[in-house]
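Peer 1: Below you'll find the structure I mean.
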Amino acid sequence: MKNILITGGAGYIGSHTAVQLVEAGFNPIIIDDLSNSDEKVLDRLEEILGKRLTFYKGDCSDRNLLDQIADKHDISGVIHFAAFKAVGESTVQPLKYYQNNLGSLLTILDFMRAKQIKDLVFSSSCTVYGQPEKLPVTEATPRQDAESPYGNTKKICEDILMDFVKSQAGIRVISLRYFNPVGAHPSAKIGELPIGTPANLVPFVTQTAAGIREKLTVFGDDYDTMDGSCVRDFIHVMDLADAHVKALAYLGEQKDDFYDVFNVGTGNGNTVLEVIRTFEKVNRVKVNFEIGARRPGDIVKIWADTAKINSVLNWQPSYSLEDSLRDSWNWQKTL
């Protein structure tokens, strides 16, 4: 059973990926500083899996801690989730984002080289495409200037990974460019747990429906889209987690010094207003929302072309938008 180190493994996407890894026969080892997650997630994972996962509390930029983990466990691969990801905050505190998001990757890569760990799946983002000229975006779509420091860190991290692979470091890397992860584990035992003000749409929807927030603001209804609100590609977190497992398996078949990128989305775009109305219909609950002004920096519309990941990794999404919003609401009701 291969040991896979998951940085940020107690977080939203990391915890769901841990479940999928176990079910695929891997042994996830989690490192997380709990700055954007909760240790109770480990109890929930134990309930789902029937066993306790190995957990280290700490920062993945702490090289000494990484070395200690490698001394105790034969690590065969790394999935690197740990990063700050609030777009708005990154525009106010750019140095915090560059220091953490770039610094942690540099530490991980140096650690992998020293310990001869070959395989890395990197958590990238569709933000690297900016506002594309053509839709849907393929992996060959030119990357645009980033709309935020957060987005720029993902772009720079991809460049670092390409340069590291070109240096013949002996590693194999896949960058997964996520679109918009939503939903929760069907058991409703784990899900998205934003600390403070959510940075994503669906937690705002569920918290408003639950009465935690008075109302939801839709930023603009006069864009060139079906109903005037922005369009995104919303992918269920379980499908996203499955993509990581398939990426790891694919890396194991490649020669050293390998790098590739894959979009992970559904291949469909949904507007913000469509998400709200679908949530209301599926869950039979009203969401108090209002239309506000456009938000600076928002991309008008983007969704993925998934032909590459469908054919190369043999990956297909199996959850619908309705499934995602039902699971999100079931999760919210447990909080």
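If you're wondering about the labels, chains in the structure tokens are A, B, ... by order shown, residues count from 1 in each chain, ligands from 1 in order shown.
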Write down as a PyMOL selection string the residues of stretch 25-206 of chain A whose backbone DSSP state falls under strand (DSSP E or B).
Peer 2: chain A and resi 27-32+54-57+75-80+119-125+137+172-178+180-182
Peer 1: Please identify every residue of stretch 35-92 of chain A that has at least one atom no farther than 8 Å from an atom of stretch 97-115 of chain A, counting only C-alpha atoms, and for each give the shortest atom pair and the distance in Å to one decimal, arranged by chain then increasing number, as CSV.
Peer 2:
```
residue,atom,partner,partner_atom,distance
A:Cys60,CA,A:Ser104,CA,6.1
A:Ser61,CA,A:Ser104,CA,4.6
A:Asp62,CA,A:Thr107,CA,7.7
A:Arg63,CA,A:Thr107,CA,6.5
A:Leu66,CA,A:Phe111,CA,7.3
A:Asp67,CA,A:Phe111,CA,7.5
A:Ala70,CA,A:Lys115,CA,7.6
A:His80,CA,A:Leu105,CA,7.9
A:Ala82,CA,A:Asn101,CA,7.7
A:Ala83,CA,A:Asn101,CA,5.2
A:Phe84,CA,A:Tyr97,CA,6.3
A:Ser90,CA,A:Tyr97,CA,6.1
```
Peer 1: Would you save the residues of that selection, restricted to N, CA and C atoms, as a short mmCIF file (atom, residue, chain, number, x, y, z; two decimals), in the first residue's frame?
Peer 2:
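Listing of part-v4.cif after writing:
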```cif
data_model
loop_
_atom_site.label_atom_id
_atom_site.label_comp_id
_atom_site.auth_asym_id
_atom_site.auth_seq_id
_atom_site.Cartn_x
_atom_site.Cartn_y
_atom_site.Cartn_z
N CYS A 60 3.57 22.68 5.95
CA CYS A 60 4.35 21.92 4.99
C CYS A 60 5.57 22.70 4.49
N SER A 61 5.71 23.95 4.93
CA SER A 61 6.95 24.71 4.67
C SER A 61 8.03 24.39 5.70
N ASP A 62 7.68 23.59 6.71
CA ASP A 62 8.61 23.20 7.77
C ASP A 62 9.39 21.97 7.30
N ARG A 63 10.58 22.20 6.78
CA ARG A 63 11.36 21.11 6.20
C ARG A 63 11.71 20.04 7.24
N LEU A 66 8.80 17.72 7.57
CA LEU A 66 8.70 16.83 6.41
C LEU A 66 9.72 15.70 6.49
N ASP A 67 10.93 16.04 6.91
CA ASP A 67 11.97 15.01 7.04
C ASP A 67 11.59 13.98 8.10
N ALA A 70 9.07 11.64 6.61
CA ALA A 70 9.69 10.71 5.66
C ALA A 70 10.52 9.65 6.37
N HIS A 80 -0.27 18.06 -3.30
CA HIS A 80 -0.02 19.34 -2.63
C HIS A 80 -1.23 20.26 -2.78
N ALA A 82 -2.04 22.39 0.08
CA ALA A 82 -1.89 23.48 1.04
C ALA A 82 -1.53 24.80 0.36
N ALA A 83 -2.45 25.75 0.44
CA ALA A 83 -2.22 27.10 -0.11
C ALA A 83 -3.30 28.03 0.42
N PHE A 84 -2.98 29.29 0.49
CA PHE A 84 -4.03 30.29 0.77
C PHE A 84 -4.79 30.51 -0.54
N SER A 90 -6.05 38.07 -1.16
CA SER A 90 -4.74 38.11 -1.82
C SER A 90 -4.44 39.48 -2.42
#
```
Peer 1: Which is closer to A:Ile160 than all the others in A:Val41, A:Met1, A:Val173, A:Ile299, using only C-alpha atoms?
Peer 2: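 For A:Ile160, the nearest of the given residues is A:Val173.
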Peer 1: From the set A:Leu193, A:Met238, A:Ala140, A:Ile174, which residue has the shortest atom-to-atom contact distance to A:Thr334, counting only C-alpha atoms?
Peer 2: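 Residue with the minimum atom-to-atom distance to A:Thr334: A:Leu193.
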Peer 1: Nearest to A:Ala10 among A:Val245, A:Thr91, A:Gly191, A:Pro186, with distances taken over only C-alpha atoms: which residue is it?
Peer 2: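 Ranked by minimum distance to A:Ala10, first place goes to A:Gly191.
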Peer 1: Each residue of stretch 195-244 of chain A with at least one atom at most 12 Å from stretch 117-135 of chain A should appear once, together with its nearest atom pair and the corresponding distance in Å (one decimal); atoms considered: only C-alpha atoms; ordering: chain, then increasing residue number; output as CSV.
Peer 2:
```
residue,atom,partner,partner_atom,distance
A:Cys230,CA,A:Gln131,CA,11.7
A:Val231,CA,A:Leu135,CA,11.4
A:Arg232,CA,A:Cys126,CA,10.3
A:Asp233,CA,A:Cys126,CA,9.8
A:Phe234,CA,A:Cys126,CA,11.7
A:Leu240,CA,A:Ser123,CA,10.6
A:Ala241,CA,A:Ser123,CA,11.0
A:Ala243,CA,A:Val121,CA,10.1
A:His244,CA,A:Val121,CA,7.0
```
